[in-house]
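K.L.:
Take a look at the following structure, please.
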Amino acid sequence: MLFNSLDFAIFLPIVFFLYWFVVNRNLKLQNFFIVLASYVFYGWWDWRFLFLIIFSTVTDYLVGLGLQKYQASFRRKLLLCTSLAVNIGLLGFFKYYNFFLDNFVTAFSFFGSEIQAQSLNIVLPVGISFYTFQTLSYTIDVYRKNIEPTRNLIAFSAFVSFFPQLVAGPIERASNLLPQFFKSRTFQYSKAVDGLRQILWGLFMKVVIADNCARVVNQIYGNSSEVTGSALLIATLFFTFQIYGDFAGYSNIAIGTARLFGFNLMQNFAFPYFSRDIAEFWRRWHISLSTWFRDYVYIPLGGSRTGPPLAVRNVFIIFVVSGFWHGADWTFIVWGALNAFYFLPLFLLGRNRDHLEIVAKNRWLPTLNEALKIFVTFGITVLAWVFFRAENLDHAFYILGKIFSPSLFAPPGFGFKTIAILIFGFMITEWIGRRDQYAIEKFGFGLPRFFRWGIYVGIVLAIFLLGGQEQEFIYFQF
Amino acid sequence: MFFKKTAVFLLLCPLAYLSCIVFIVVFLPGAKTALNINYKQTTGHSHSRFQEAKQVGNVDILFIGPSTTYMGFDPRFFEEEGLKVFNLGSSAQTPIQTNVLLNRFLDQLNPKLVVYNPHPGTFVYDGTESTTDIISNLPVGMDTFELALSNGNLHAINTFFFRLFVDIFNTEKNFTEPKVIGEDTYIGRGYVSKTLTVTPEELSKTNLNKSTGEWEPLDFQIEYFEKNIELIKKKNAELIFVIPPVNSKAYDRLYFSNPEFQNYIKKSGRFIDYNKHIHLNDSLHFSDATVHLNQEGVNAFNKFIITRGDFEVE
């Protein structure tokens, strides 16, 4: 079920009403209802894949109990490996089987051996990369004894399948989300209003910004051989906002929806395009995934305490693995590697933690130096997105080649004024609200209610009257 | 408090939305395109066709389907044979829109034979373009409201409300659609003629993506296609499915030759794929490099049908 669909507009109020008015007296019942609603939400797309979620849930639940029962190191390692094998095995099969097979065949043919192998027509279950990482974080944390395993299967199932963040994150940690299923939840006016406000902003980001940009991007990238370098540059810029509007928009809707039900999810995007260097960008972009890789891959590998050569290797590994997580294609791997190259100079110079606070925290405008840094960081990010969006590596290099050709100075051949104005207005709003969790969290708080409501109604009207053609969320494919 | 305020807000939003639409209808009709309102954006003379359909009584033959229908069957040829016909094609008409049109006009036109042109492409997409075309050009009704909702696209919903207020304020009482729009001339009885020919250069330049994948019709389009067949059968009209001649490149590349599509239509009733019976010239007989016949092509095609006696009615 898509957040930007009529189905969800009907589903959400029904679930909200039943949750707060029918099953609200009993916590177990409320959790069971969340599981039920989450399975309906997921099964709406394809009910057969519910069995995968259930299988993953039961496996990790039992592994958690096993880790509590056994103290012997060997058995505990065996249990952890079971969880890793099941979750990564599922992910590997559904997402990476064909990629590895194709590359295996190509590699052998390079050395002169011909292998006959048949690719499988595998449907990628929506959200598999998200919920497998979420359940893995549980078993790893239990293994490390950072958290206690739960005996409550319903609460655990609710944690794995919680519908607001099931298919595209934020990838929650058991230490944050799971305990919330054991606390009785009371309806809080301010939290619910805040949730609605965040949903509204998420919808705006998705429907008005991302979907409008998508139309141009699809058209230009689909006809890259027939358009000018300037058109490709504009399309790449639009893709930069498309992917942000799409994914950060989804995260806002997810976090806002969770708040409606009394849950707090982690912030997933913190105004990444105002970053002053690439290290700051990665602290602000898809935070739940970046911190996941930091905690469960980078630190176990030794992090930065292993000396420069190994630390560089570790940095490289997490960026490349992060790229590969996004998709089974060389384009994503190159995108990850490119970001590693952007990051490494800062890392080696010890400058990767220079900018921990949001830019111009106590000022209206950035300094010239800050503005320049933001511009450069944004620019190199835009170039990296070419690999993320291109059909394959050849296509990506073709696009980059064309962008850096004389045709960059030719007219783009299409109008983009309206979208440019929308993006400009959007970024101004983001700038004003950059100190908060999301742009309009406190927008207009000093103004009379009439004006504040006027802003919200204006956003609703913008969604209807300026929204683009409905597109699926990009991150569903991951 | 939350529920009260949310209810007020939820009431306020539709009011503001409808006020905005009224404002656009009355004061800013030129701004509609920029505001997701695809009102009468599609060429194809649907307004003239639907207006005329209201006046026409019983017909012998009714043609339905997408643009290849209203640009493919010239009523003048059939009238020469003493047949009264009407062409109810519309741009990119998919089965769900065919259903709306049949429900609106089938009783009144009361055809003896329905010639249904099931373009394979119309089964595989949701049909926003054709939805807004139908909504723009028909008076508002529950059927067009359901059509807008079923499409779910903002453009369809906004266009529906725009049309609602056009009807309420009667802003188009003096509207007459020009007979000639661009290269299209509305001849009458639903038919649109094009004299344009496609040059060999244009033909070679047109690069149609080959539909190598399977023909995967959407479930709801199949459902409506079957509903349409039921409707026609209930009316005791004969039904024949036809694929008019299309450009030879398009035939292979736009699912026309797809065996799954062909078999599905064959199973549904009598089916004639004219591409297997008549060979037209890709340049001289078409107005573009895809599927649309020009008047020369229609002349050749319609004479061929009449010679063969494919559409004989009792």
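Going by the structure tokens order, chains are called A, B, ..., each with residues numbered from 1, while ligands are numbered from 1 in the order shown.
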Could you build a table of the residues in chain B lying no more than 9 Å from chain A, giving for each the nearest pair of atoms and their separation in Å rounded to one decimal place, using only C-alpha atoms, ordered by chain and ascending residue number, as JSON lines?
P.N.:
```
{"residue": "B:Met1", "atom": "CA", "partner": "A:Tyr189", "partner_atom": "CA", "distance": 7.5}
{"residue": "B:Phe2", "atom": "CA", "partner": "A:Tyr189", "partner_atom": "CA", "distance": 5.8}
{"residue": "B:Thr6", "atom": "CA", "partner": "A:Val193", "partner_atom": "CA", "distance": 8.5}
{"residue": "B:Phe9", "atom": "CA", "partner": "A:Trp453", "partner_atom": "CA", "distance": 8.0}
{"residue": "B:Leu12", "atom": "CA", "partner": "A:Val457", "partner_atom": "CA", "distance": 7.6}
{"residue": "B:Cys13", "atom": "CA", "partner": "A:Val457", "partner_atom": "CA", "distance": 5.8}
{"residue": "B:Ala16", "atom": "CA", "partner": "A:Val457", "partner_atom": "CA", "distance": 7.4}
{"residue": "B:Tyr17", "atom": "CA", "partner": "A:Leu461", "partner_atom": "CA", "distance": 6.1}
{"residue": "B:Cys20", "atom": "CA", "partner": "A:Leu461", "partner_atom": "CA", "distance": 8.3}
{"residue": "B:Ala34", "atom": "CA", "partner": "A:Leu466", "partner_atom": "CA", "distance": 7.5}
{"residue": "B:Leu35", "atom": "CA", "partner": "A:Leu465", "partner_atom": "CA", "distance": 4.7}
{"residue": "B:Asn36", "atom": "CA", "partner": "A:Leu465", "partner_atom": "CA", "distance": 5.3}
{"residue": "B:Ile37", "atom": "CA", "partner": "A:Leu465", "partner_atom": "CA", "distance": 7.7}
{"residue": "B:Leu149", "atom": "CA", "partner": "A:Leu6", "partner_atom": "CA", "distance": 8.5}
{"residue": "B:Gly152", "atom": "CA", "partner": "A:Leu6", "partner_atom": "CA", "distance": 6.9}
{"residue": "B:Asn153", "atom": "CA", "partner": "A:Glu470", "partner_atom": "CA", "distance": 6.7}
{"residue": "B:Leu154", "atom": "CA", "partner": "A:Phe464", "partner_atom": "CA", "distance": 6.1}
{"residue": "B:His155", "atom": "CA", "partner": "A:Gln469", "partner_atom": "CA", "distance": 7.9}
{"residue": "B:Ile157", "atom": "CA", "partner": "A:Phe464", "partner_atom": "CA", "distance": 8.8}
{"residue": "B:Asn158", "atom": "CA", "partner": "A:Leu465", "partner_atom": "CA", "distance": 7.4}
```
K.L.:
Can I get the selected residues back with N, CA and C atoms, as a CSV table (one decimal), in the first residue's frame?
P.N.:
```
chain,number,residue,atom,x,y,z
B,1,MET,N,-10.4,17.4,21.7
B,1,MET,CA,-9.8,18.6,21.1
B,1,MET,C,-9.2,18.2,19.7
B,2,PHE,N,-8.4,17.1,19.7
B,2,PHE,CA,-7.7,16.7,18.5
B,2,PHE,C,-8.7,16.4,17.4
B,6,THR,N,-9.2,18.4,14.1
B,6,THR,CA,-8.9,17.6,12.9
B,6,THR,C,-10.1,17.6,12.0
B,9,PHE,N,-10.4,21.0,10.4
B,9,PHE,CA,-9.3,21.1,9.3
B,9,PHE,C,-9.7,20.3,8.1
B,12,LEU,N,-12.3,22.1,6.3
B,12,LEU,CA,-11.7,23.3,5.8
B,12,LEU,C,-11.0,23.0,4.4
B,13,CYS,N,-10.3,21.9,4.4
B,13,CYS,CA,-9.5,21.6,3.2
B,13,CYS,C,-10.3,21.4,2.0
B,16,ALA,N,-11.7,24.8,0.9
B,16,ALA,CA,-10.6,25.6,0.3
B,16,ALA,C,-10.3,25.1,-1.1
B,17,TYR,N,-10.3,23.8,-1.2
B,17,TYR,CA,-10.0,23.2,-2.5
B,17,TYR,C,-11.1,23.5,-3.5
B,20,CYS,N,-11.0,27.1,-4.5
B,20,CYS,CA,-9.9,27.3,-5.5
B,20,CYS,C,-10.3,26.9,-6.9
B,34,ALA,N,-1.6,24.5,-15.6
B,34,ALA,CA,-0.5,24.6,-14.6
B,34,ALA,C,-1.0,24.0,-13.3
B,35,LEU,N,-2.2,23.8,-13.1
B,35,LEU,CA,-2.7,23.4,-11.8
B,35,LEU,C,-3.3,22.0,-11.8
B,36,ASN,N,-2.7,21.1,-12.6
B,36,ASN,CA,-3.1,19.7,-12.6
B,36,ASN,C,-4.6,19.5,-13.1
B,37,ILE,N,-5.1,20.4,-13.9
B,37,ILE,CA,-6.4,20.2,-14.4
B,37,ILE,C,-6.3,19.9,-15.9
B,149,LEU,N,-12.3,8.6,-9.4
B,149,LEU,CA,-11.8,8.0,-8.2
B,149,LEU,C,-11.0,6.7,-8.5
B,152,GLY,N,-7.7,7.6,-9.6
B,152,GLY,CA,-6.9,7.9,-8.4
B,152,GLY,C,-5.9,9.0,-8.7
B,153,ASN,N,-5.7,9.4,-9.9
B,153,ASN,CA,-4.7,10.4,-10.3
B,153,ASN,C,-5.3,11.8,-9.9
B,154,LEU,N,-4.4,12.6,-9.4
B,154,LEU,CA,-4.8,14.0,-9.0
B,154,LEU,C,-5.4,14.7,-10.2
B,155,HIS,N,-4.8,14.5,-11.4
B,155,HIS,CA,-5.3,15.2,-12.6
B,155,HIS,C,-6.8,14.8,-12.9
B,157,ILE,N,-9.0,13.7,-10.7
B,157,ILE,CA,-9.9,14.2,-9.6
B,157,ILE,C,-10.1,15.7,-9.8
B,158,ASN,N,-9.0,16.5,-10.0
B,158,ASN,CA,-9.1,17.9,-10.2
B,158,ASN,C,-10.0,18.2,-11.4
```
K.L.:
Name the residues in contact with range 43-58 of chain B at a cut-off of 10 Å, using only C-alpha atoms, excluding same-chain residues fewer than 6 positions from it; report them as a ChimeraX atom specification.
P.N.:
/B:66-67,70-71,84-92,101,104-112,133-134,136-139,175-182,184-192
K.L.:
I'd like the contact shell of Ala279 in chain A - 7 Å cut-off, only C-alpha atoms, skipping same-chain residues fewer than 4 positions apart - returned as a list in words.
P.N.:
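The filter keeps Arg283, Phe343 and Asn352 of chain A.
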K.L.:
Excluding range 317-327 of chain A and residues on its chain fewer than 2 positions from it, collect all residues at most 6 Å away from it, counting only C-alpha atoms, and give them as a PyMOL selection string.
P.N.:
chain A and resi 314-315+329+332-333+336-337+340+478
K.L.:
Can you measure CA of Phe100 in chain A to CA of Asp394 in chain A for me? One decimal in Å is fine.
P.N.:
19.1 Å
K.L.:
Considering only C-alpha atoms, return as JSON, numbers by chain whatever protein or nucleic-acid residues lie within 10 Å of Ile240 in chain B, sequence-local ones (same chain, fewer than 5 positions apart) excluded.
P.N.:
{"B": [63, 113, 114, 115, 116, 117, 268, 269, 270, 271, 272, 310, 311]}
K.L.:
Could the residues in this selection be written to a file with N, CA and C atoms, as a PDB file, in the first residue's frame?
P.N.:
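This went into selection.pdb:
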```pdb
ATOM      1  N   PHE B  63     -19.059   2.010 -33.467  1.00  0.00           N
ATOM      2  CA  PHE B  63     -17.622   1.734 -33.327  1.00  0.00           C
ATOM      3  C   PHE B  63     -17.154   2.240 -31.972  1.00  0.00           C
ATOM      4  N   LEU B 113     -24.933  -3.836 -34.446  1.00  0.00           N
ATOM      5  CA  LEU B 113     -23.577  -4.415 -34.415  1.00  0.00           C
ATOM      6  C   LEU B 113     -22.635  -3.436 -33.706  1.00  0.00           C
ATOM      7  N   VAL B 114     -21.836  -3.982 -32.794  1.00  0.00           N
ATOM      8  CA  VAL B 114     -20.807  -3.155 -32.161  1.00  0.00           C
ATOM      9  C   VAL B 114     -19.443  -3.622 -32.668  1.00  0.00           C
ATOM     10  N   VAL B 115     -18.699  -2.702 -33.245  1.00  0.00           N
ATOM     11  CA  VAL B 115     -17.341  -3.009 -33.700  1.00  0.00           C
ATOM     12  C   VAL B 115     -16.378  -2.455 -32.655  1.00  0.00           C
ATOM     13  N   TYR B 116     -15.753  -3.358 -31.937  1.00  0.00           N
ATOM     14  CA  TYR B 116     -14.921  -2.992 -30.780  1.00  0.00           C
ATOM     15  C   TYR B 116     -13.451  -3.137 -31.183  1.00  0.00           C
ATOM     16  N   ASN B 117     -12.722  -2.034 -31.062  1.00  0.00           N
ATOM     17  CA  ASN B 117     -11.296  -2.005 -31.416  1.00  0.00           C
ATOM     18  C   ASN B 117     -10.467  -2.097 -30.127  1.00  0.00           C
ATOM     19  N   SER B 268     -12.530 -14.124 -26.831  1.00  0.00           N
ATOM     20  CA  SER B 268     -13.637 -13.278 -26.387  1.00  0.00           C
ATOM     21  C   SER B 268     -14.726 -13.129 -27.445  1.00  0.00           C
ATOM     22  N   GLY B 269     -14.455 -13.480 -28.694  1.00  0.00           N
ATOM     23  CA  GLY B 269     -15.485 -13.356 -29.730  1.00  0.00           C
ATOM     24  C   GLY B 269     -14.877 -13.331 -31.115  1.00  0.00           C
ATOM     25  N   ARG B 270     -15.708 -12.992 -32.089  1.00  0.00           N
ATOM     26  CA  ARG B 270     -15.233 -12.931 -33.477  1.00  0.00           C
ATOM     27  C   ARG B 270     -14.195 -11.817 -33.602  1.00  0.00           C
ATOM     28  N   PHE B 271     -13.093 -12.126 -34.248  1.00  0.00           N
ATOM     29  CA  PHE B 271     -11.967 -11.194 -34.249  1.00  0.00           C
ATOM     30  C   PHE B 271     -11.338 -11.113 -35.632  1.00  0.00           C
ATOM     31  N   ILE B 272     -11.194  -9.897 -36.127  1.00  0.00           N
ATOM     32  CA  ILE B 272     -10.475  -9.718 -37.398  1.00  0.00           C
ATOM     33  C   ILE B 272      -9.310  -8.755 -37.162  1.00  0.00           C
ATOM     34  N   ASP B 310     -17.596  -7.501 -44.154  1.00  0.00           N
ATOM     35  CA  ASP B 310     -17.343  -7.934 -42.769  1.00  0.00           C
ATOM     36  C   ASP B 310     -18.382  -7.446 -41.770  1.00  0.00           C
ATOM     37  N   PHE B 311     -18.967  -6.279 -42.020  1.00  0.00           N
ATOM     38  CA  PHE B 311     -19.865  -5.687 -41.021  1.00  0.00           C
ATOM     39  C   PHE B 311     -21.332  -5.733 -41.474  1.00  0.00           C
TER      40      PHE B 311
END
```
K.L.:
Just the residues within 9 Å of Leu372 in chain A, please, counting only C-alpha atoms, with nothing from its chain fewer than 5 positions along; format it as a list in words.
P.N.:
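Close residues of Leu372 in chain A: Arg276, Thr367 and Thr377 of chain A.
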K.L.:
Store the residues picked out above in a file with C-alpha atoms, as a PDB file, in the first residue's frame.
P.N.:
```pdb
ATOM      1  CA  ARG A 276      29.344  21.620   4.445  1.00  0.00           C
ATOM      2  CA  THR A 367      28.752  32.896   5.953  1.00  0.00           C
ATOM      3  CA  THR A 377      29.337  19.477  -1.302  1.00  0.00           C
TER       4      THR A 377
END
```
K.L.:
I need the residues of range 90-306 of chain A that end up classed as helix (DSSP H, G or I) by DSSP on the backbone, written out as a VMD selection string.
P.N.:
chain A and resid 90 to 110 128 to 143 153 to 161 163 to 165 174 to 181 189 to 222 224 to 226 229 to 260 272 to 274 278 to 284 287 to 298
K.L.:
Env of Leu29 in chain A: 10 Å cut, atoms = only C-alpha atoms, seq-sep filter 6 positions within chain, self excluded. Answer as a list in words.
P.N.:
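Counting only C-alpha atoms, the residues come to Tyr19, Val22, Val23, Val35 and Ile154 of chain A.
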K.L.:
Rounded to one decimal in Å, what is the spacing between CA of Lys373 in chain A and CA of His355 in chain A?
P.N.:
11.1 Å
